[in-house]
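Visitor: So here's query01.txt (compact mmCIF, C-alpha atoms).
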# COMPACT_ATOMS: atom_id res chain seq x y z
CA MET R 1 0.00 0.00 0.00
CA ALA R 2 1.23 3.48 -0.90
CA VAL R 3 2.21 5.98 1.76
CA THR R 4 -0.47 8.66 2.09
CA SER R 5 -0.23 12.23 3.28
CA ALA R 6 -2.64 15.14 3.49
CA GLY R 7 -2.09 18.85 3.26
CA ILE R 8 -3.62 22.29 3.09
CA LEU R 9 -3.12 24.66 0.16
CA LEU R 10 -4.28 28.14 1.08
CA TYR R 11 -4.69 30.74 -1.60
CA ARG R 12 -5.66 34.36 -1.97
CA ILE R 13 -6.13 36.80 -4.79
CA ASP R 14 -4.29 40.08 -4.36
CA ASP R 15 -5.58 43.53 -5.31
CA ALA R 16 -4.17 43.15 -8.84
CA GLY R 17 -6.01 39.84 -9.34
CA VAL R 18 -2.89 37.68 -8.94
CA LEU R 19 -3.41 34.24 -7.42
CA GLU R 20 -1.02 33.59 -4.51
CA VAL R 21 -0.44 30.41 -2.49
CA TRP R 22 0.97 29.74 1.00
CA ILE R 23 3.83 27.21 0.92
CA VAL R 24 6.53 26.09 3.34
CA HIS R 25 10.29 25.53 3.14
CA PRO R 26 11.52 22.35 4.86
CA GLY R 27 14.03 22.72 7.66
CA GLY R 28 17.02 20.58 8.41
CA PRO R 29 20.48 20.40 6.93
CA TYR R 30 19.51 18.85 3.60
CA TRP R 31 17.34 21.83 2.58
CA THR R 32 19.63 24.63 3.81
CA GLY R 33 20.44 26.98 0.96
CA LYS R 34 18.01 25.27 -1.45
CA ASP R 35 15.18 27.37 -2.87
CA GLU R 36 14.15 26.27 -6.36
CA ALA R 37 12.21 22.97 -6.30
CA ALA R 38 12.58 22.84 -2.51
CA TRP R 39 9.30 24.21 -1.09
CA SER R 40 6.15 22.20 -0.29
CA ILE R 41 2.57 22.52 0.73
CA PRO R 42 2.19 21.96 4.50
CA LYS R 43 1.37 18.26 4.77
CA GLY R 44 1.98 15.08 6.72
CA VAL R 45 1.62 11.31 6.58
CA TYR R 46 -1.54 9.61 7.80
CA GLY R 47 -2.64 6.04 8.41
CA GLU R 48 -5.71 4.08 7.31
CA ASP R 49 -7.53 4.83 10.56
CA GLU R 50 -7.01 8.61 10.37
CA ASP R 51 -9.16 11.28 8.76
CA PRO R 52 -7.05 12.96 6.04
CA PHE R 53 -8.62 16.39 6.58
CA ALA R 54 -7.97 16.26 10.34
CA VAL R 55 -4.35 15.29 9.60
CA ALA R 56 -4.01 18.15 7.10
CA LEU R 57 -5.22 20.65 9.71
CA ARG R 58 -2.89 19.21 12.38
CA GLU R 59 0.11 19.27 10.05
CA PHE R 60 -0.58 22.86 9.01
CA GLU R 61 -0.51 23.94 12.65
CA GLU R 62 2.62 21.91 13.43
CA GLU R 63 4.50 23.21 10.40
CA CYS R 64 3.34 26.85 10.41
CA GLY R 65 3.02 27.48 14.15
CA MET R 66 -0.64 28.55 13.91
CA PRO R 67 -3.98 26.89 13.27
CA ALA R 68 -5.21 26.85 9.69
CA PRO R 69 -7.78 29.60 9.09
CA SER R 70 -11.42 28.74 9.77
CA VAL R 71 -12.66 28.86 6.19
CA ASP R 72 -14.42 26.47 3.82
CA TYR R 73 -12.01 23.83 2.51
CA GLU R 74 -12.55 21.81 -0.64
CA MET R 75 -10.73 18.64 -1.60
CA LEU R 76 -8.58 19.68 -4.55
CA GLY R 77 -7.59 16.11 -5.35
CA ARG R 78 -5.26 13.22 -4.70
CA PHE R 79 -1.87 13.54 -6.35
CA LYS R 80 0.62 10.72 -6.91
CA GLN R 81 4.21 11.79 -6.23
CA PRO R 82 7.29 10.39 -8.02
CA SER R 83 8.05 8.38 -4.84
CA GLY R 84 4.64 6.69 -5.11
CA LYS R 85 3.24 8.62 -2.14
CA ILE R 86 -0.34 9.85 -2.57
CA VAL R 87 -0.97 13.39 -1.31
CA THR R 88 -4.57 14.41 -0.57
CA VAL R 89 -4.86 18.18 -0.83
CA TYR R 90 -7.53 20.46 0.61
CA ALA R 91 -7.64 24.00 -0.73
CA ALA R 92 -9.29 27.15 0.56
CA GLU R 93 -9.28 30.83 -0.16
CA THR R 94 -8.50 33.04 2.80
CA ALA R 95 -8.18 36.70 3.59
CA ALA R 96 -6.40 35.88 6.86
CA GLU R 97 -3.10 37.61 7.50
CA LEU R 98 -0.65 34.75 7.90
CA ALA R 99 2.85 34.97 9.35
CA PHE R 100 5.16 32.01 9.85
CA LEU R 101 5.68 31.51 13.58
CA GLY R 102 7.88 28.42 13.65
CA SER R 103 7.37 24.68 13.48
CA ASN R 104 7.80 21.51 15.43
CA THR R 105 11.27 19.95 15.43
CA PHE R 106 12.87 16.60 14.66
CA ASP R 107 16.10 14.99 15.81
CA LEU R 108 18.74 13.84 13.34
CA GLU R 109 22.27 12.53 13.61
CA TRP R 110 24.22 15.34 11.99
CA PRO R 111 26.72 15.25 10.48
CA PRO R 112 26.10 11.66 9.35
CA ARG R 113 27.96 8.99 11.35
CA SER R 114 29.07 11.61 13.88
CA GLU R 115 26.96 10.12 16.71
CA LYS R 116 25.92 13.72 17.38
CA VAL R 117 22.15 14.20 17.41
CA GLN R 118 20.82 17.67 16.67
CA SER R 119 17.33 19.13 16.67
CA PHE R 120 16.07 20.87 13.51
CA PRO R 121 12.80 22.64 12.66
CA GLU R 122 10.58 20.63 10.32
CA VAL R 123 9.87 23.89 8.48
CA ASP R 124 12.11 26.97 8.51
CA ASP R 125 9.99 29.40 6.46
CA ALA R 126 6.47 29.82 5.06
CA ARG R 127 5.04 32.59 2.93
CA TRP R 128 2.79 33.73 0.14
CA PHE R 129 4.01 33.49 -3.45
CA PRO R 130 2.32 34.30 -6.75
CA LEU R 131 1.37 31.04 -8.45
CA ALA R 132 4.03 31.43 -11.19
CA VAL R 133 6.78 31.89 -8.58
CA ALA R 134 5.47 29.03 -6.43
CA ASP R 135 5.52 26.84 -9.53
CA VAL R 136 9.33 27.20 -9.60
CA LYS R 137 9.84 26.96 -5.83
CA LEU R 138 7.63 23.91 -5.19
CA VAL R 139 9.14 20.42 -5.43
CA LYS R 140 8.45 19.13 -8.94
CA GLY R 141 6.10 16.35 -7.86
CA GLN R 142 3.74 18.86 -6.25
CA ARG R 143 3.53 21.25 -9.20
CA PRO R 144 0.43 19.53 -10.65
CA ILE R 145 -1.33 20.59 -7.43
CA LEU R 146 -0.75 24.23 -8.38
CA ALA R 147 -1.92 23.58 -11.93
CA ARG R 148 -5.17 22.08 -10.62
CA LEU R 149 -5.74 25.03 -8.27
CA GLY R 150 -5.00 27.50 -11.05
CA GLU R 151 -7.49 25.77 -13.35
CA ARG R 152 -10.24 25.92 -10.75
CA VAL R 153 -9.66 29.51 -9.73
CA HIS R 154 -9.29 30.75 -13.29
CA ALA R 155 -12.34 28.77 -14.49
CA ALA R 156 -14.33 30.60 -11.83
CA GLY R 157 -13.01 33.91 -13.20
CA ARG R 158 -11.35 34.72 -9.89
CA ALA R 159 -7.77 35.56 -10.94
CA SER R 160 -6.10 37.08 -13.96
CA ALA R 161 -2.36 36.56 -13.58
CA GLY R 162 0.29 34.44 -11.88
CA THR R 163 -0.78 31.26 -13.61
CA SER R 164 1.04 27.96 -13.35
CA SER R 165 3.15 26.61 -16.17
CA SER R 166 3.01 22.98 -15.02
CA GLY R 167 0.39 21.94 -17.51
CA THR R 168 -2.89 20.31 -16.79
CA GLU R 169 -2.27 16.57 -16.98
CA ASP R 170 -4.11 14.31 -14.57
CA ALA R 171 -2.08 13.95 -11.42
CA GLY R 172 -3.35 10.61 -10.28
CA THR R 173 -6.74 11.57 -8.92
If you convert what's in this file into structure tokens, what do you get?
Guide:
Amino acid sequence: MAVTSAGILLYRIDDAGVLEVWIVHPGGPYWTGKDEAAWSIPKGVYGEDEDPFAVALREFEEECGMPAPSVDYEMLGRFKQPSGKIVTVYAAETAAELAFLGSNTFDLEWPPRSEKVQSFPEVDDARWFPLAVADVKLVKGQRPILARLGERVHAAGRASAGTSSSGTEDAGT
């Protein structure tokens, strides 16, 4: 059975009609100094007995340091990643002012084989990006998520710029 995770993709439309999304940068030594194809939607793994939406909300709070806004969420889809993992994504528009406050931490032997365990933040940054910028920053396997969001928002006539260039192929839903 494939590993499953669930996440929240918040979006807003700025005064110029540009679609923006809230994404996170992973913490830890592997991601230090990496920007392009390094960001992610806030998400986490869940088991068969867990509610994916509840997990998505929990992971958002753990990774961003604040509860997800109380707005109406819609399942955007299930997206198969190159690793085989299936990511269930819930999207919502929000007018909430968000500011990254910090995340939970994890322990890792670093440097490798040093027998020295260090604590690192799971996420070291989170912010709003126009969809076109997020399309470059997001890990490649998650870019179809942005394409799907862009399609929905643009089909509803809600945004005029900042579109995704990932294409519109089915992402395993």
Visitor: I'd like the box whose edges run along x, y and z of the file and which contains every listed atom of region 101-109 of chain R, padded by 6 Å per side; could you state its centre and edge lengths in Å, one decimal, as JSON?
Guide:
{"center_x": 14.0, "center_y": 22.0, "center_z": 14.6, "size_x": 28.6, "size_y": 31.0, "size_z": 14.5}
Visitor: If you count all atoms listed in the file, which residues fall within 9 Å of Phe53 (chain R), apart from same-chain ones fewer than 6 positions away, as number ranges by chain?
Guide: R: 6-8, 75, 88-90
Visitor: List every protein, DNA or RNA residue that has an atom no more than 8 Å from (-7.8, 37.3, -3.4) in the file's coordinate frame, counting all atoms listed in the file, and report them as an MDAnalysis selection string.
Guide: chainID R and resid 11:15 17:20 93:95 158:159
Visitor: Pick from R:Glu151, R:Glu61, R:Asp72, R:Asp135: nearest to Phe100 (chain R), with all atoms listed in the file counted?
Guide: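 For Phe100 (chain R), the nearest of the candidates is R:Glu61.
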Visitor: If you count only C-alpha atoms, which residues fall within 8 Å of Lys85 (chain R), apart from same-chain ones fewer than 2 positions away, as a count of residues only?
Guide: 9
Visitor: My list of candidates is R:Leu131, R:Thr105, R:Pro111, R:Gly65. Which is closest to Arg143 (chain R) when distances are computed with only C-alpha atoms?
Guide: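 Among the listed residues, R:Leu131 lies closest to Arg143 (chain R).
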Visitor: For a test of reading the model, state the distance in Å between CA of Thr32 (chain R) and CA of Cys64 (chain R), rounded to one decimal.
Guide: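 The value is 17.7 Å.
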Visitor: Would you kindly return, as a list in words, each protein, DNA or RNA residue with an atom no farther than 9 Å from any atom of Asp125 (chain R), considering all atoms listed in the file and excluding same-chain residues fewer than 6 positions away?
Guide: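 Listed by chain and then number, they are Ile23, Val24, His25, Pro26, Gly27, Cys64, Phe100, Leu101, Gly102 and Ser103 of chain R.
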Visitor: For each of R:Phe79, R:Gly28, R:Ala92, R:Lys140, take the minimum atom-to-atom distance to Glu109 (chain R), counting all atoms listed in the file, then give the residue where this is smallest.
Guide: R:Gly28
Visitor: Nearest to Ala96 (chain R) among R:Leu108, R:Val117, R:Ile145, R:Val71, with distances taken over only C-alpha atoms: which residue is it?
Guide: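 Once distances to Ala96 (chain R) are computed over only C-alpha atoms, the minimum belongs to R:Val71.
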Visitor: Taking into account only C-alpha atoms, which residue in the set R:Phe129, R:Asp124, R:Leu149, R:Glu48 is nearest to Leu9 (chain R)?
Guide: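 Of R:Phe129, R:Asp124, R:Leu149, R:Glu48, the one nearest Leu9 (chain R), counting only C-alpha atoms, is R:Leu149.
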Visitor: Using all atoms listed in the file, pick whichever of R:Pro42, R:Pro29, R:Pro69, R:Gly77 has the shortest atom-to-atom distance to Ser119 (chain R).
Guide: R:Pro29
Visitor: Neighbours of Asp35 (chain R) within 9 Å (only C-alpha atoms; same-chain residues fewer than 6 positions away dropped), as number ranges by chain?
Guide: R: 25, 136-138
Visitor: Could you please determine the separation between CA of Arg58 (chain R) and CA of Val153 (chain R) in Å, to one decimal place?
Guide: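 Between these atoms lies a distance of 25.3 Å.
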Visitor: May I ask for the distance between CA of Ala126 (chain R) and CA of Trp22 (chain R), given in Å to one decimal place?
Guide: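 Atom-to-atom, CA of Ala126 (chain R) to CA of Trp22 (chain R), that is 6.8 Å.
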